[in-house]
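**Q** The structure file run15.cif (mmCIF, C-alpha atoms (C1' of nucleotides)) is provided below.
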```
data_input
#
loop_
_atom_site.label_atom_id
_atom_site.label_comp_id
_atom_site.auth_asym_id
_atom_site.auth_seq_id
_atom_site.Cartn_x
_atom_site.Cartn_y
_atom_site.Cartn_z
CA MET R 99 5.42 -11.76 -33.28
CA GLU R 100 3.46 -15.00 -33.51
CA ILE R 101 0.64 -15.36 -31.07
CA PRO R 102 0.05 -19.05 -30.38
CA VAL R 103 -3.37 -20.21 -31.46
CA THR R 104 -3.93 -21.78 -28.08
CA ALA R 105 -3.57 -18.39 -26.41
CA ILE R 106 -6.29 -16.86 -28.56
CA LEU R 107 -8.52 -19.82 -27.97
CA LEU R 108 -7.99 -19.73 -24.23
CA ASP R 109 -8.72 -16.04 -24.11
CA ARG R 110 -11.98 -16.56 -25.93
CA GLU R 111 -12.88 -19.54 -23.80
CA THR R 112 -12.34 -17.75 -20.53
CA LYS R 113 -14.19 -14.66 -21.64
CA ALA R 114 -17.24 -16.49 -22.90
CA SER R 115 -17.54 -19.28 -20.41
CA GLU R 116 -15.44 -21.77 -18.50
CA ARG R 117 -16.50 -24.86 -20.36
CA PRO R 118 -14.09 -26.08 -23.00
CA GLY R 119 -15.53 -26.43 -26.49
CA ASP R 120 -18.21 -23.90 -25.76
CA HIS R 121 -19.27 -21.68 -28.65
CA LYS R 122 -22.35 -19.93 -27.33
CA ASP R 123 -21.12 -16.55 -28.58
CA GLU R 124 -21.06 -17.59 -32.19
CA LEU R 125 -24.44 -19.22 -31.75
CA ARG R 126 -25.92 -16.04 -30.36
CA LEU R 127 -24.35 -14.08 -33.20
CA TRP R 128 -25.90 -16.41 -35.74
CA LEU R 129 -29.32 -16.21 -34.15
CA ARG R 130 -29.21 -12.45 -34.14
CA LEU R 131 -28.10 -12.36 -37.77
CA LEU R 132 -30.93 -14.70 -38.64
CA THR R 133 -33.45 -12.59 -36.76
CA CYS R 134 -32.42 -9.48 -38.68
CA ALA R 135 -32.60 -11.24 -42.02
CA THR R 136 -36.00 -12.76 -41.22
CA LEU R 137 -37.45 -9.46 -40.03
CA ILE R 138 -36.36 -7.68 -43.19
CA GLU R 139 -37.46 -10.49 -45.46
CA SER R 140 -40.93 -10.78 -44.06
CA GLU R 141 -41.47 -7.03 -43.99
CA ILE R 142 -40.42 -6.72 -47.65
CA ARG R 143 -42.55 -9.74 -48.49
CA THR R 144 -45.60 -8.10 -46.92
CA ARG R 145 -45.05 -4.79 -48.66
CA LEU R 146 -44.47 -6.40 -52.06
CA ARG R 147 -47.71 -8.28 -51.67
CA GLU R 148 -49.73 -5.32 -50.43
CA GLU R 149 -48.37 -2.73 -52.82
CA PHE R 150 -47.55 -4.76 -55.92
CA LYS R 151 -49.34 -8.07 -55.49
CA THR R 152 -46.16 -9.97 -56.08
CA THR R 153 -43.73 -12.11 -54.13
CA LEU R 154 -40.13 -11.80 -52.97
CA PRO R 155 -38.71 -14.64 -55.08
CA ARG R 156 -40.23 -13.08 -58.19
CA PHE R 157 -38.85 -9.70 -57.30
CA ASP R 158 -35.40 -11.15 -56.62
CA LEU R 159 -35.37 -13.00 -59.90
CA MET R 160 -36.39 -9.92 -61.85
CA ALA R 161 -33.72 -7.92 -60.03
CA GLN R 162 -31.07 -10.29 -61.31
CA LEU R 163 -32.30 -10.09 -64.88
CA GLU R 164 -32.53 -6.32 -64.74
CA LYS R 165 -28.82 -6.09 -63.95
CA SER R 166 -27.87 -7.92 -67.12
CA THR R 167 -28.49 -6.36 -70.52
CA THR R 168 -27.78 -9.53 -72.49
CA GLY R 169 -29.89 -11.85 -70.38
CA MET R 170 -28.91 -14.65 -68.02
CA THR R 171 -29.12 -18.41 -68.16
CA VAL R 172 -31.15 -20.43 -65.68
CA GLY R 173 -27.92 -21.67 -64.15
CA GLU R 174 -26.49 -18.20 -63.67
CA VAL R 175 -29.64 -16.96 -61.98
CA SER R 176 -29.75 -20.01 -59.75
CA GLN R 177 -26.15 -19.43 -58.68
CA ARG R 178 -26.67 -15.76 -57.98
CA LEU R 179 -29.82 -16.28 -55.94
CA MET R 180 -28.34 -19.36 -54.28
CA VAL R 181 -31.37 -21.47 -55.03
CA SER R 182 -31.74 -24.73 -56.97
CA ASN R 183 -32.16 -24.85 -60.73
CA GLY R 184 -35.54 -26.45 -60.34
CA ASN R 185 -36.70 -23.56 -58.25
CA VAL R 186 -35.66 -21.03 -60.87
CA THR R 187 -37.59 -23.01 -63.46
CA ALA R 188 -40.70 -22.84 -61.32
CA VAL R 189 -40.53 -19.14 -60.50
CA VAL R 190 -39.74 -18.32 -64.12
CA ALA R 191 -42.84 -20.25 -65.15
CA GLY R 192 -44.96 -17.80 -63.21
CA LEU R 193 -43.18 -14.76 -64.61
CA LEU R 194 -43.51 -16.16 -68.13
CA ALA R 195 -47.24 -16.60 -67.64
CA ASP R 196 -47.50 -12.96 -66.55
CA GLY R 197 -45.50 -11.76 -69.55
CA LEU R 198 -42.75 -10.27 -67.39
CA VAL R 199 -39.93 -12.51 -68.56
CA ASP R 200 -38.87 -14.01 -71.84
CA LYS R 201 -37.17 -17.40 -72.16
CA ARG R 202 -35.47 -18.76 -75.27
CA PRO R 203 -32.79 -21.32 -76.04
CA ALA R 204 -29.36 -19.85 -76.75
CA ALA R 205 -28.43 -19.87 -80.42
CA GLN R 206 -25.06 -21.54 -79.95
CA ASP R 207 -25.99 -24.02 -77.23
CA ARG R 208 -29.54 -25.27 -77.26
CA ARG R 209 -29.23 -26.78 -73.77
CA VAL R 210 -29.05 -23.28 -72.37
CA GLN R 211 -32.13 -21.16 -71.74
CA VAL R 212 -31.59 -17.41 -71.82
CA LEU R 213 -33.87 -15.33 -69.63
CA THR R 214 -34.56 -11.64 -70.15
CA LEU R 215 -37.08 -9.15 -68.83
CA THR R 216 -39.76 -8.13 -71.30
CA ALA R 217 -40.49 -4.43 -71.76
CA GLN R 218 -43.43 -4.88 -69.42
CA GLY R 219 -41.17 -6.68 -66.98
CA ARG R 220 -38.66 -3.83 -67.00
CA ARG R 221 -41.39 -1.29 -66.40
CA ALA R 222 -42.89 -3.30 -63.55
CA PHE R 223 -39.51 -3.91 -61.97
CA LYS R 224 -38.47 -0.26 -62.17
CA ALA R 225 -41.53 0.80 -60.20
CA MET R 226 -40.99 -1.88 -57.56
CA ALA R 227 -37.25 -1.33 -57.26
CA GLU R 228 -37.63 2.33 -56.36
CA ARG R 229 -40.05 1.57 -53.57
CA HIS R 230 -37.97 -1.40 -52.46
CA GLU R 231 -34.89 0.75 -52.10
CA ASP R 232 -36.83 3.19 -49.94
CA TRP R 233 -38.17 0.41 -47.76
CA ILE R 234 -34.71 -0.94 -47.10
CA ALA R 235 -33.39 2.53 -46.27
CA GLU R 236 -36.33 3.02 -43.93
CA LEU R 237 -35.59 -0.24 -42.16
CA PHE R 238 -31.95 0.69 -41.58
CA ALA R 239 -32.74 4.31 -40.75
CA GLY R 240 -31.95 3.82 -37.07
CA LEU R 241 -28.27 3.25 -37.82
CA GLU R 242 -25.70 6.01 -38.21
CA PRO R 243 -23.87 6.09 -41.55
CA ALA R 244 -20.67 5.10 -39.76
CA GLU R 245 -22.46 2.08 -38.30
CA THR R 246 -23.82 0.96 -41.65
CA ALA R 247 -20.36 1.23 -43.11
CA GLN R 248 -18.84 -0.81 -40.34
CA LEU R 249 -21.57 -3.40 -40.44
CA PHE R 250 -21.06 -3.72 -44.18
CA GLN R 251 -17.37 -4.23 -43.66
CA LEU R 252 -17.82 -6.83 -40.91
CA LEU R 253 -20.33 -8.74 -42.99
CA GLY R 254 -17.74 -8.79 -45.75
CA ARG R 255 -15.32 -10.42 -43.33
CA THR R 256 -18.08 -12.82 -42.30
CA LYS R 257 -18.77 -13.76 -45.90
CA ALA R 258 -15.10 -14.53 -46.39
CA SER R 259 -15.07 -16.67 -43.25
CA LEU R 260 -18.12 -18.58 -44.43
CA HIS R 261 -16.69 -19.27 -47.87
CA GLN R 262 -13.46 -20.40 -46.28
CA ALA R 263 -15.21 -22.84 -43.95
CA ILE R 264 -17.52 -24.15 -46.64
CA ASN R 265 -14.80 -24.63 -49.23
CA ARG R 266 -12.49 -26.25 -46.71
CA ARG R 267 -15.16 -28.82 -46.03
CA GLN R 268 -16.21 -29.41 -49.61
CA GLY R 269 -12.64 -29.46 -50.90
CA GLY R 270 -11.26 -31.66 -48.15
CA GLU R 271 -14.06 -34.20 -48.08
CA PRO R 272 -13.83 -36.34 -51.22
CA THR R 273 -10.02 -36.54 -51.03
CA PRO R 274 -9.06 -39.05 -48.34
CA THR R 275 -5.40 -38.00 -48.01
CA GLY R 276 -6.25 -34.32 -47.68
CA ASP R 277 -5.49 -33.01 -44.21
CA GLN R 278 -8.33 -31.14 -42.55
CA ILE R 279 -7.87 -27.79 -40.79
CA MET C 191 -5.69 10.33 -34.73
CA GLU C 192 -9.42 11.15 -34.81
CA ILE C 193 -11.14 11.23 -38.16
CA PRO C 194 -14.08 13.64 -38.04
CA VAL C 195 -17.43 11.98 -38.61
CA THR C 196 -18.30 14.56 -41.24
CA ALA C 197 -15.32 13.49 -43.27
CA ILE C 198 -16.54 9.92 -43.25
CA LEU C 199 -20.01 11.03 -44.17
CA LEU C 200 -18.91 13.21 -47.05
CA ASP C 201 -16.63 10.52 -48.23
CA ARG C 202 -19.45 8.01 -48.31
CA GLU C 203 -21.87 10.38 -49.99
CA THR C 204 -19.53 11.37 -52.75
CA LYS C 205 -18.30 7.86 -53.20
CA ALA C 206 -21.74 6.31 -53.41
CA SER C 207 -23.61 8.71 -55.64
CA GLU C 208 -24.65 12.32 -56.15
CA ARG C 209 -28.36 11.71 -56.52
CA PRO C 210 -30.59 12.78 -53.67
CA GLY C 211 -32.85 10.11 -52.28
CA ASP C 212 -30.39 7.45 -53.24
CA HIS C 213 -30.07 4.54 -50.83
CA LYS C 214 -27.76 2.14 -52.60
CA ASP C 215 -25.61 1.74 -49.52
CA GLU C 216 -28.42 0.32 -47.43
CA LEU C 217 -29.39 -1.91 -50.31
CA ARG C 218 -25.89 -3.31 -50.57
CA LEU C 219 -25.82 -3.82 -46.82
CA TRP C 220 -29.07 -5.76 -46.96
CA LEU C 221 -27.89 -7.93 -49.83
CA ARG C 222 -24.69 -8.77 -47.98
CA LEU C 223 -26.60 -9.59 -44.82
CA LEU C 224 -28.91 -11.81 -46.81
CA THR C 225 -25.99 -13.56 -48.47
CA CYS C 226 -24.43 -14.38 -45.11
CA ALA C 227 -27.69 -15.69 -43.71
CA THR C 228 -28.36 -17.80 -46.79
CA LEU C 229 -24.88 -19.27 -46.83
CA ILE C 230 -25.12 -20.30 -43.19
CA GLU C 231 -28.64 -21.61 -43.51
CA SER C 232 -27.96 -23.81 -46.49
CA GLU C 233 -24.73 -25.15 -45.02
CA ILE C 234 -26.49 -26.08 -41.78
CA ARG C 235 -29.37 -27.53 -43.74
CA THR C 236 -26.98 -29.76 -45.68
CA ARG C 237 -25.16 -30.96 -42.59
CA LEU C 238 -28.37 -31.68 -40.68
CA ARG C 239 -29.57 -33.76 -43.58
CA GLU C 240 -26.30 -35.61 -44.11
CA GLU C 241 -25.48 -36.23 -40.47
CA PHE C 242 -28.90 -36.51 -38.83
CA LYS C 243 -31.36 -36.99 -41.68
CA THR C 244 -33.44 -34.11 -40.46
CA THR C 245 -34.33 -30.60 -41.56
CA LEU C 246 -33.63 -27.11 -40.31
CA PRO C 247 -37.25 -26.20 -39.42
CA ARG C 248 -37.52 -29.33 -37.32
CA PHE C 249 -34.26 -28.57 -35.58
CA ASP C 250 -35.30 -24.98 -34.93
CA LEU C 251 -38.62 -26.04 -33.49
CA MET C 252 -37.03 -28.59 -31.22
CA ALA C 253 -34.51 -25.97 -30.11
CA GLN C 254 -37.33 -23.75 -28.94
CA LEU C 255 -39.01 -26.53 -27.00
CA GLU C 256 -35.76 -27.59 -25.43
CA LYS C 257 -35.32 -24.14 -23.90
CA SER C 258 -38.62 -24.38 -22.04
CA THR C 259 -39.11 -26.89 -19.26
CA THR C 260 -42.87 -26.40 -19.02
CA GLY C 261 -43.61 -26.63 -22.73
CA MET C 262 -44.73 -23.99 -25.22
CA THR C 263 -47.95 -23.31 -27.03
CA VAL C 264 -48.20 -23.35 -30.81
CA GLY C 265 -48.58 -19.58 -30.77
CA GLU C 266 -45.48 -19.02 -28.67
CA VAL C 267 -43.37 -21.19 -30.92
CA SER C 268 -44.72 -19.49 -34.00
CA GLN C 269 -43.84 -16.07 -32.57
CA ARG C 270 -40.34 -17.11 -31.55
CA LEU C 271 -39.53 -18.68 -34.88
CA MET C 272 -41.30 -15.87 -36.76
CA VAL C 273 -43.31 -18.28 -38.86
CA SER C 274 -47.07 -18.69 -39.26
CA ASN C 275 -49.18 -20.77 -36.91
CA GLY C 276 -50.15 -23.05 -39.74
CA ASN C 277 -46.54 -23.76 -40.42
CA VAL C 278 -45.90 -24.76 -36.83
CA THR C 279 -48.87 -27.10 -36.98
CA ALA C 280 -47.42 -28.76 -40.06
CA VAL C 281 -43.86 -29.16 -38.76
CA VAL C 282 -45.16 -30.41 -35.42
CA ALA C 283 -47.20 -33.03 -37.25
CA GLY C 284 -43.96 -34.52 -38.57
CA LEU C 285 -42.26 -34.43 -35.19
CA LEU C 286 -45.32 -36.03 -33.57
CA ALA C 287 -45.24 -38.83 -36.10
CA ASP C 288 -41.57 -39.44 -35.25
CA GLY C 289 -42.27 -39.45 -31.52
CA LEU C 290 -39.99 -36.49 -30.85
CA VAL C 291 -42.66 -34.10 -29.62
CA ASP C 292 -45.74 -34.36 -27.49
CA LYS C 293 -48.87 -32.23 -27.98
CA ARG C 294 -51.77 -31.88 -25.57
CA PRO C 295 -54.47 -29.34 -24.85
CA ALA C 296 -53.82 -27.12 -21.84
CA ALA C 297 -55.88 -28.05 -18.80
CA GLN C 298 -57.21 -24.54 -18.14
CA ASP C 299 -57.79 -23.44 -21.72
CA ARG C 300 -58.68 -26.12 -24.19
CA ARG C 301 -58.02 -23.85 -27.18
CA VAL C 302 -54.34 -23.96 -26.39
CA GLN C 303 -52.06 -26.82 -27.42
CA VAL C 304 -48.97 -27.34 -25.30
CA LEU C 305 -45.92 -28.77 -27.03
CA THR C 306 -43.07 -30.52 -25.26
CA LEU C 307 -40.11 -32.64 -26.31
CA THR C 308 -40.45 -36.32 -25.51
CA ALA C 309 -37.54 -38.07 -23.81
CA GLN C 310 -36.52 -39.35 -27.22
CA GLY C 311 -36.83 -35.84 -28.59
CA ARG C 312 -34.56 -34.44 -25.89
CA ARG C 313 -31.96 -37.12 -26.56
CA ALA C 314 -32.06 -36.53 -30.31
CA PHE C 315 -31.87 -32.79 -29.90
CA LYS C 316 -28.98 -32.90 -27.50
CA ALA C 317 -26.86 -34.82 -29.99
CA MET C 318 -27.71 -32.47 -32.82
CA ALA C 319 -27.28 -29.30 -30.79
CA GLU C 320 -23.69 -30.10 -29.89
CA ARG C 321 -22.72 -30.63 -33.49
CA HIS C 322 -24.73 -27.60 -34.56
CA GLU C 323 -22.88 -25.38 -32.15
CA ASP C 324 -19.56 -26.59 -33.53
CA TRP C 325 -20.65 -26.00 -37.10
CA ILE C 326 -21.62 -22.42 -36.36
CA ALA C 327 -18.33 -21.78 -34.59
CA GLU C 328 -16.50 -23.27 -37.54
CA LEU C 329 -18.34 -21.01 -39.97
CA PHE C 330 -17.43 -17.89 -37.99
CA ALA C 331 -13.89 -19.06 -37.26
CA GLY C 332 -12.38 -16.53 -39.66
CA LEU C 333 -13.45 -13.64 -37.44
CA GLU C 334 -11.45 -12.34 -34.49
CA PRO C 335 -13.25 -12.38 -31.14
CA ALA C 336 -13.32 -8.58 -31.19
CA GLU C 337 -15.00 -8.67 -34.59
CA THR C 338 -17.64 -11.15 -33.48
CA ALA C 339 -18.40 -8.96 -30.50
CA GLN C 340 -18.71 -5.84 -32.60
CA LEU C 341 -20.81 -7.58 -35.21
CA PHE C 342 -23.10 -8.83 -32.47
CA GLN C 343 -23.42 -5.33 -31.11
CA LEU C 344 -24.14 -3.78 -34.51
CA LEU C 345 -26.74 -6.41 -35.29
CA GLY C 346 -28.38 -5.52 -32.00
CA ARG C 347 -28.60 -1.92 -33.17
CA THR C 348 -29.94 -3.17 -36.51
CA LYS C 349 -32.61 -5.22 -34.80
CA ALA C 350 -33.71 -2.17 -32.86
CA SER C 351 -33.86 -0.12 -36.05
CA LEU C 352 -35.94 -2.78 -37.76
CA HIS C 353 -38.43 -3.04 -34.93
CA GLN C 354 -38.71 0.72 -34.84
CA ALA C 355 -39.45 0.96 -38.57
CA ILE C 356 -41.86 -1.96 -38.54
CA ASN C 357 -43.80 -0.75 -35.52
CA ARG C 358 -43.95 2.80 -36.81
CA ARG C 359 -45.60 1.50 -39.94
CA GLN C 360 -47.97 -0.95 -38.30
CA GLY C 361 -49.07 1.56 -35.68
CA GLY C 362 -49.87 4.33 -38.14
CA GLU C 363 -51.54 2.27 -40.83
CA PRO C 364 -54.96 0.94 -39.84
CA THR C 365 -56.24 4.20 -38.30
CA PRO C 366 -56.35 6.69 -41.19
CA THR C 367 -59.34 7.65 -43.32
CA GLY C 368 -58.29 5.18 -45.92
CA ASP C 369 -55.67 6.75 -48.19
CA GLN C 370 -53.90 3.93 -49.99
CA ILE C 371 -50.94 6.05 -51.19
"C1'" DG J 182 -18.25 -40.44 -87.38
"C1'" DC J 183 -19.60 -42.23 -82.96
"C1'" DC J 184 -20.00 -43.06 -78.32
"C1'" DA J 185 -19.17 -41.80 -73.55
"C1'" DA J 186 -18.76 -38.23 -70.33
"C1'" DA J 187 -19.97 -33.65 -69.13
"C1'" DT J 188 -23.16 -29.91 -68.83
"C1'" DG J 189 -27.69 -27.44 -68.54
"C1'" DT J 190 -32.47 -27.74 -67.61
"C1'" DT J 191 -36.73 -29.80 -66.22
"C1'" DT J 192 -39.46 -33.01 -63.66
"C1'" DC J 193 -40.66 -35.21 -59.49
"C1'" DA J 194 -41.72 -36.20 -54.67
"C1'" DG J 195 -41.82 -34.19 -50.58
"C1'" DA J 196 -41.21 -30.62 -47.12
"C1'" DC J 197 -41.88 -25.71 -45.98
"C1'" DC J 198 -44.26 -21.46 -45.76
"C1'" DT J 199 -47.86 -17.93 -46.14
"C1'" DA J 200 -52.36 -15.55 -45.82
"C1'" DA J 201 -56.97 -16.21 -45.33
"C1'" DA J 202 -60.96 -18.84 -44.05
"C1'" DA J 203 -62.83 -22.10 -40.97
"C1'" DT J 204 -63.17 -24.15 -36.47
"C1'" DA J 205 -63.13 -24.40 -31.49
"C1'" DT J 206 -63.05 -22.45 -27.16
"C1'" DA J 207 -63.12 -18.55 -23.83
"C1'" DT J 208 -64.55 -14.08 -22.28
"C1'" DT J 209 -67.39 -10.12 -21.93
"C1'" DG J 210 -71.21 -7.40 -21.20
"C1'" DA J 211 -76.11 -6.28 -21.81
"C1'" DT D 253 -78.10 -16.15 -19.68
"C1'" DC D 254 -76.43 -15.81 -23.88
"C1'" DA D 255 -75.00 -13.61 -27.96
"C1'" DA D 256 -71.12 -10.97 -29.61
"C1'" DT D 257 -66.41 -10.65 -29.60
"C1'" DA D 258 -61.82 -12.19 -28.89
"C1'" DT D 259 -58.29 -15.67 -28.96
"C1'" DA D 260 -55.85 -20.08 -30.36
"C1'" DT D 261 -55.35 -23.47 -33.64
"C1'" DT D 262 -56.16 -25.97 -37.91
"C1'" DT D 263 -57.36 -26.24 -42.66
"C1'" DT D 264 -56.91 -24.79 -47.30
"C1'" DA D 265 -55.03 -23.13 -51.61
"C1'" DG D 266 -51.18 -21.83 -53.68
"C1'" DG D 267 -46.42 -20.50 -54.14
"C1'" DT D 268 -41.46 -21.68 -52.81
"C1'" DC D 269 -37.68 -24.68 -52.20
"C1'" DT D 270 -34.75 -28.90 -52.19
"C1'" DG D 271 -32.18 -33.01 -53.85
"C1'" DA D 272 -32.31 -36.55 -56.93
"C1'" DA D 273 -33.62 -38.58 -61.21
"C1'" DA D 274 -34.67 -37.90 -65.93
"C1'" DC D 275 -34.00 -35.59 -70.14
"C1'" DA D 276 -31.56 -32.96 -73.75
"C1'" DT D 277 -27.61 -31.30 -75.84
"C1'" DT D 278 -22.74 -30.65 -76.41
"C1'" DT D 279 -18.00 -31.99 -76.17
"C1'" DG D 280 -14.00 -34.89 -76.27
"C1'" DG D 281 -11.63 -39.03 -77.30
"C1'" DC D 282 -11.22 -42.87 -80.26
#
```
What do you get writing this file as structure tokens?
**A**
Amino acid sequence: MEIPVTAILLDRETKASERPGDHKDELRLWLRLLTCATLIESEIRTRLREEFKTTLPRFDLMAQLEKSTTGMTVGEVSQRLMVSNGNVTAVVAGLLADGLVDKRPAAQDRRVQVLTLTAQGRRAFKAMAERHEDWIAELFAGLEPAETAQLFQLLGRTKASLHQAINRRQGGEPTPTGDQI
Amino acid sequence: MEIPVTAILLDRETKASERPGDHKDELRLWLRLLTCATLIESEIRTRLREEFKTTLPRFDLMAQLEKSTTGMTVGEVSQRLMVSNGNVTAVVAGLLADGLVDKRPAAQDRRVQVLTLTAQGRRAFKAMAERHEDWIAELFAGLEPAETAQLFQLLGRTKASLHQAINRRQGGEPTPTGDQI
DNA sequence: GCCAAATGTTTCAGACCTAAAATATATTGA
DNA sequence: TCAATATATTTTAGGTCTGAAACATTTGGC
């Protein structure tokens, strides 16, 4: 019942191209994925600016805070948004100045800064989030529900593949005796 | 063996939410797409820095130039990469300083600046591109060939949907009597 | 208790990116 | 012709983002 890895590889090689070590298919897939993400991002960016005079990073940060009733630390936000701590600090600075976010040291651990939306911040976010949701739906409106579902599922598989590849590299790098692959 | 489409639809509707006008599914799809793109981008960014001491925007720009034998104008590059003209100018400035790119006004139209890779630029890019292709393949290695193909196809459909939504908006906007909504 | 290591955040230098204004050149039409 | 308009690029101001260093606080071992 075992299919040899070489067989799968060969099949892929022959289908895509004759050259060994060729991975043009994955490259094309990545470029297409990137194009989609960029198109959506810049369209949302434009609409947020035009309709709410705000920016995508600010919206994203507020979206994270809105999901948590008890507030989030700078580190948590930075992990969720997959950006650096320093970046969160900077974006928060703007939101603080506009009175949309509150920042205070945690009672138990004064290293930690807890971020929450202010009442004004919650109001502002609520208005934006509704429109944002509509925009996204509008952008994907050309897909059938079955297609969206399948795309969602395949991207889940992709995410798993990415984490696997990234962890393999990070985990196997500092340890010399660790076998790769 | 056939599951009726309506069954899938109803299943999704009931599963997701009862509220009309709800578009959480598309939102989740977008967030997952964004996660995948961000994971890939930052992994590639890290490897380009560690292995070649360069950046992703520089690599992307060189990749565009490499594809064209006759050179590209600033505007063409900016359209392909979906970034602003000013940004291209800035990234090119760095590549010029490193001798990887050449810039000269077009003979017929002196407004236009034609960009080409220098010999050194082509050499440098070639080395990076090979590794880059491997990295991408590695990141997608957890997907079966059939899955990659289907994902590619669905992202094609997505791209079409995006262009449709974006054009619909841009075409219908500047003409009206000035209702802001 | 006290010091070293660990953890969380900010600061810093530098690159990227955008939209809008400014500049430079080309084209068009009275 | 020549001014108005269109097109291509650069400049500018300001926000975003990174990785690394600096700073602050906590924790763990002695």
**Q** Can you list every residue of chain R that has an atom at most 8 Å from chain J, with its nearest atom pair and the distance in Å to one decimal, using all atoms listed in the file, ordered by chain then number, as JSON lines?
**A**
```
{"residue": "R:Val172", "atom": "CA", "partner": "J:DT190", "partner_atom": "C1'", "distance": 7.7}
{"residue": "R:Gly173", "atom": "CA", "partner": "J:DG189", "partner_atom": "C1'", "distance": 7.3}
{"residue": "R:Asn183", "atom": "CA", "partner": "J:DT190", "partner_atom": "C1'", "distance": 7.5}
{"residue": "R:Gly184", "atom": "CA", "partner": "J:DT191", "partner_atom": "C1'", "distance": 6.9}
{"residue": "R:Thr187", "atom": "CA", "partner": "J:DT191", "partner_atom": "C1'", "distance": 7.4}
{"residue": "R:Arg209", "atom": "CA", "partner": "J:DG189", "partner_atom": "C1'", "distance": 5.5}
{"residue": "R:Val210", "atom": "CA", "partner": "J:DG189", "partner_atom": "C1'", "distance": 5.8}
{"residue": "R:Gln211", "atom": "CA", "partner": "J:DT190", "partner_atom": "C1'", "distance": 7.8}
```
**Q** Mind writing the picked residues with C-alpha atoms as a PDB file, in the coordinates of the input?
**A**
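Final output, selection.pdb:
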```
ATOM      1  CA  VAL R 172     -31.150 -20.430 -65.680  1.00  0.00           C
ATOM      2  CA  GLY R 173     -27.920 -21.670 -64.150  1.00  0.00           C
ATOM      3  CA  ASN R 183     -32.160 -24.850 -60.730  1.00  0.00           C
ATOM      4  CA  GLY R 184     -35.540 -26.450 -60.340  1.00  0.00           C
ATOM      5  CA  THR R 187     -37.590 -23.010 -63.460  1.00  0.00           C
ATOM      6  CA  ARG R 209     -29.230 -26.780 -73.770  1.00  0.00           C
ATOM      7  CA  VAL R 210     -29.050 -23.280 -72.370  1.00  0.00           C
ATOM      8  CA  GLN R 211     -32.130 -21.160 -71.740  1.00  0.00           C
TER       9      GLN R 211
END
```
**Q** Quick one: distance from CA of Asp250 (chain C) to CA of Arg147 (chain R) in Å, one decimal?
**A**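 Pair CA of Asp250 (chain C) / CA of Arg147 (chain R) returns 26.7 Å.
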**Q** Taking the file as shown, what set of residues would the PyMOL selection byres ((chain R and resi 191) around 12) give back, as number ranges by chain?
**A** R: 156, 159, 172, 184-190, 192-201, 213; J: 191; D: 267
**Q** Please, what distance in Å, to one decimal, runs between C1' of DC275 (chain D) and CA of Arg178 (chain R)?
**A**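 According to the coordinates, C1' of DC275 (chain D) and CA of Arg178 (chain R) are separated by 24.4 Å.
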**Q** Give one line per residue of chain R that approaches chain C to at most 9 Å, naming the two atoms of the closest pair and their distance in Å to one decimal, counting only C-alpha atoms; sort by chain then ascending residue number and deliver it as a tab-separated table.
**A**
```
residue	atom	partner	partner_atom	distance
R:Ile106	CA	C:Pro335	CA	8.7
R:Arg110	CA	C:Pro335	CA	6.8
R:Gly119	CA	C:Asp324	CA	8.1
R:Asp120	CA	C:Glu323	CA	8.1
R:His121	CA	C:Ala327	CA	6.0
R:Lys122	CA	C:Glu323	CA	7.3
R:Asp123	CA	C:Thr338	CA	8.1
R:Glu124	CA	C:Ala327	CA	5.5
R:Leu125	CA	C:Ile326	CA	6.3
R:Arg126	CA	C:Phe342	CA	8.0
R:Leu127	CA	C:Phe342	CA	5.4
R:Trp128	CA	C:Ile326	CA	7.4
R:Arg130	CA	C:Leu345	CA	6.6
R:Leu131	CA	C:Leu345	CA	6.6
R:Leu132	CA	C:Ala227	CA	6.1
R:Thr133	CA	C:Lys349	CA	7.7
R:Cys134	CA	C:Lys349	CA	5.8
R:Ala135	CA	C:Leu224	CA	6.1
R:Thr136	CA	C:Met272	CA	7.6
R:Leu137	CA	C:Leu352	CA	7.2
R:Ile138	CA	C:Leu352	CA	7.3
R:Glu139	CA	C:Leu224	CA	8.8
R:Ser140	CA	C:Met272	CA	8.9
R:Glu141	CA	C:Ile356	CA	7.5
R:Leu179	CA	C:Thr225	CA	8.8
R:Met180	CA	C:Thr228	CA	7.7
R:His230	CA	C:Leu217	CA	8.9
R:Glu231	CA	C:His213	CA	6.3
R:Asp232	CA	C:His213	CA	7.0
R:Ile234	CA	C:Leu217	CA	6.3
R:Ala235	CA	C:Glu216	CA	5.6
R:Glu236	CA	C:Ala355	CA	6.5
R:Leu237	CA	C:Leu352	CA	5.1
R:Phe238	CA	C:Ser351	CA	5.9
R:Ala239	CA	C:Ser351	CA	6.6
R:Gly240	CA	C:Ser351	CA	4.5
R:Leu241	CA	C:Thr348	CA	6.8
R:Pro243	CA	C:Leu199	CA	6.8
R:Ala244	CA	C:Ile198	CA	7.2
R:Glu245	CA	C:Leu344	CA	7.2
R:Thr246	CA	C:Leu219	CA	7.3
R:Ala247	CA	C:Asp215	CA	8.3
R:Gln248	CA	C:Leu344	CA	8.4
R:Leu249	CA	C:Leu344	CA	6.5
R:Phe250	CA	C:Leu219	CA	5.4
R:Leu252	CA	C:Leu341	CA	6.5
R:Leu253	CA	C:Leu223	CA	6.6
R:Gly254	CA	C:Arg222	CA	7.3
R:Arg255	CA	C:Leu333	CA	7.0
R:Thr256	CA	C:Phe330	CA	6.7
R:Lys257	CA	C:Cys226	CA	5.7
R:Ala258	CA	C:Gly332	CA	7.5
R:Ser259	CA	C:Gly332	CA	4.5
R:Leu260	CA	C:Leu329	CA	5.1
R:His261	CA	C:Leu229	CA	8.3
R:Gln262	CA	C:Gly332	CA	7.7
R:Ala263	CA	C:Leu329	CA	5.4
R:Ile264	CA	C:Leu329	CA	7.4
```
